[in-house]
Amino acid sequence: MGWVLFFFVAGMALIMLEFILPGGVIGVAGVIMLVISGGIGVTLYPDFAPLIIVAEVLGAAVSIGLGIFLISKTAVGQAMVAKGEQRTEDGYVNVVTDTTLIGMQGTVLTALRPAGTIEVGEKRLDAVSDGAFIEKGATVLITEVHGNRVVVERPEETDTPQSA
């Protein structure tokens with residue numbers, strides 16, 4: 001029983017140590033020790049084989065979980081985490097929202113089903129309709145702009161009052 005516990009605890013410790021000193025060798029040695037522990041345990045106590053195997057798998061899972069927790073506390077783990085925040089004011093944005101487009105009219109270059117291309121002045125823009133199909137050549141009104149997402153609808157839909 002003593003050797004079974006020794007190999008089990010040593011295997012778990014080596015698996016956790018692998019997260020702090022990566023390279024693979026220590027982790028493989030830990031897994032081998034867990035297998036040896038399971039082999040000795042099953043040989044000595046064959047009636048408890050399923051329980052021993054479950055305990056070995058749980059031991060490996062706990063070791064991996066603790067290893068992940070430990071690496072977050074080391075300097076290497078801290079170096080993997082981004083510090084600070086990426087704010088729009090600092091330039092961390094892929095596409096600036098051009099709110100001057102809102103209210104402008106454009107011409108549909110490719111049918112919007114609901115996505116397609118429109119032309120506003122000299123600019124070609126990717127756009128989406130508000131859900132309706134809009135055929136090529138139709139005039140559309142830009143109603144929303146969020147980053148590179150331009151939402152359009154037909155001007156008739158915005159001017160027509162709802163009737164009962």
# chains A, B, ... in the order shown; residues from 1 in each chain; ligands from 1
call {"tool": "residues_around", "arguments": {"residues": "stretch 55-69 of chain A", "least_positions_apart": "4", "cutoff": "8 Å", "atoms": "only C-alpha atoms", "output": "count of residues only"}}
result
15
call {"tool": "residues_around", "arguments": {"residues": "A:Asp130", "least_positions_apart": "2", "cutoff": "9 Å", "atoms": "only C-alpha atoms", "output": "PyMOL selection string"}}
result
chain A and resi 114+128+132-133+151-153
call {"tool": "closest_residue", "arguments": {"among": "A:Glu156, A:Leu21, A:Glu144, A:Val9", "to": "A:Leu70", "atoms": "only C-alpha atoms"}}
result
A:Leu21
call {"tool": "atom_distance", "arguments": {"atom1": "atom CA of A:Val28", "atom2": "atom CA of A:Phe6"}}
result
16.7 Å
call {"tool": "atom_distance", "arguments": {"atom1": "atom CA of A:Ile53", "atom2": "atom CA of A:Ser37"}}
result
9.8 Å
call {"tool": "closest_residue", "arguments": {"among": "A:Glu135, A:Leu141, A:Thr107, A:Val4", "to": "A:Tyr45", "atoms": "only C-alpha atoms"}}
result
A:Val4
call {"tool": "atom_distance", "arguments": {"atom1": "atom CA of A:Leu44", "atom2": "atom CA of A:Val25"}}
result
28.4 Å
call {"tool": "closest_residue", "arguments": {"among": "A:Asp126, A:Pro22, A:Thr97, A:Arg154", "to": "A:Ile71", "atoms": "only C-alpha atoms"}}
result
A:Pro22
call {"tool": "closest_residue", "arguments": {"among": "A:Ile118, A:His146, A:Leu112, A:Leu14", "to": "A:Gly131", "atoms": "only C-alpha atoms"}}
result
A:Leu112
call {"tool": "decode", "arguments": {"residues": "stretch 49-85 of chain A", "atoms": "C-alpha atoms", "output": "mmCIF file, in the first residue's frame"}}
result
data_model
loop_
_atom_site.group_PDB
_atom_site.id
_atom_site.type_symbol
_atom_site.label_atom_id
_atom_site.label_comp_id
_atom_site.auth_asym_id
_atom_site.auth_seq_id
_atom_site.Cartn_x
_atom_site.Cartn_y
_atom_site.Cartn_z
ATOM 1 C CA ALA A 49 -9.723 -2.238 -9.727
ATOM 2 C CA PRO A 50 -12.544 0.045 -10.972
ATOM 3 C CA LEU A 51 -12.229 2.272 -7.915
ATOM 4 C CA ILE A 52 -8.439 2.452 -8.282
ATOM 5 C CA ILE A 53 -8.692 3.380 -11.973
ATOM 6 C CA VAL A 54 -11.256 6.112 -11.221
ATOM 7 C CA ALA A 55 -9.021 7.442 -8.433
ATOM 8 C CA GLU A 56 -6.018 7.536 -10.784
ATOM 9 C CA VAL A 57 -7.970 9.446 -13.459
ATOM 10 C CA LEU A 58 -9.355 11.865 -10.872
ATOM 11 C CA GLY A 59 -5.846 12.325 -9.467
ATOM 12 C CA ALA A 60 -4.550 13.241 -12.928
ATOM 13 C CA ALA A 61 -7.460 15.669 -13.460
ATOM 14 C CA VAL A 62 -6.910 17.325 -10.080
ATOM 15 C CA SER A 63 -3.186 17.618 -10.817
ATOM 16 C CA ILE A 64 -3.872 19.295 -14.144
ATOM 17 C CA GLY A 65 -6.396 21.669 -12.534
ATOM 18 C CA LEU A 66 -3.983 22.613 -9.757
ATOM 19 C CA GLY A 67 -1.191 22.997 -12.314
ATOM 20 C CA ILE A 68 -3.261 25.459 -14.309
ATOM 21 C CA PHE A 69 -4.016 27.349 -11.093
ATOM 22 C CA LEU A 70 -0.326 27.368 -10.125
ATOM 23 C CA ILE A 71 0.892 28.618 -13.490
ATOM 24 C CA SER A 72 -1.345 31.667 -13.162
ATOM 25 C CA LYS A 73 0.599 32.603 -10.018
ATOM 26 C CA THR A 74 4.077 32.357 -11.591
ATOM 27 C CA ALA A 75 5.979 35.049 -13.492
ATOM 28 C CA VAL A 76 5.626 33.035 -16.704
ATOM 29 C CA GLY A 77 1.869 32.803 -16.232
ATOM 30 C CA GLN A 78 1.616 36.518 -15.493
ATOM 31 C CA ALA A 79 3.591 37.284 -18.668
ATOM 32 C CA MET A 80 0.931 35.453 -20.707
ATOM 33 C CA VAL A 81 -1.859 37.740 -19.462
ATOM 34 C CA ALA A 82 -2.437 41.078 -21.174
ATOM 35 C CA LYS A 83 -2.133 43.999 -18.797
ATOM 36 C CA GLY A 84 -4.327 47.068 -19.050
ATOM 37 C CA GLU A 85 -7.244 47.609 -21.336
#
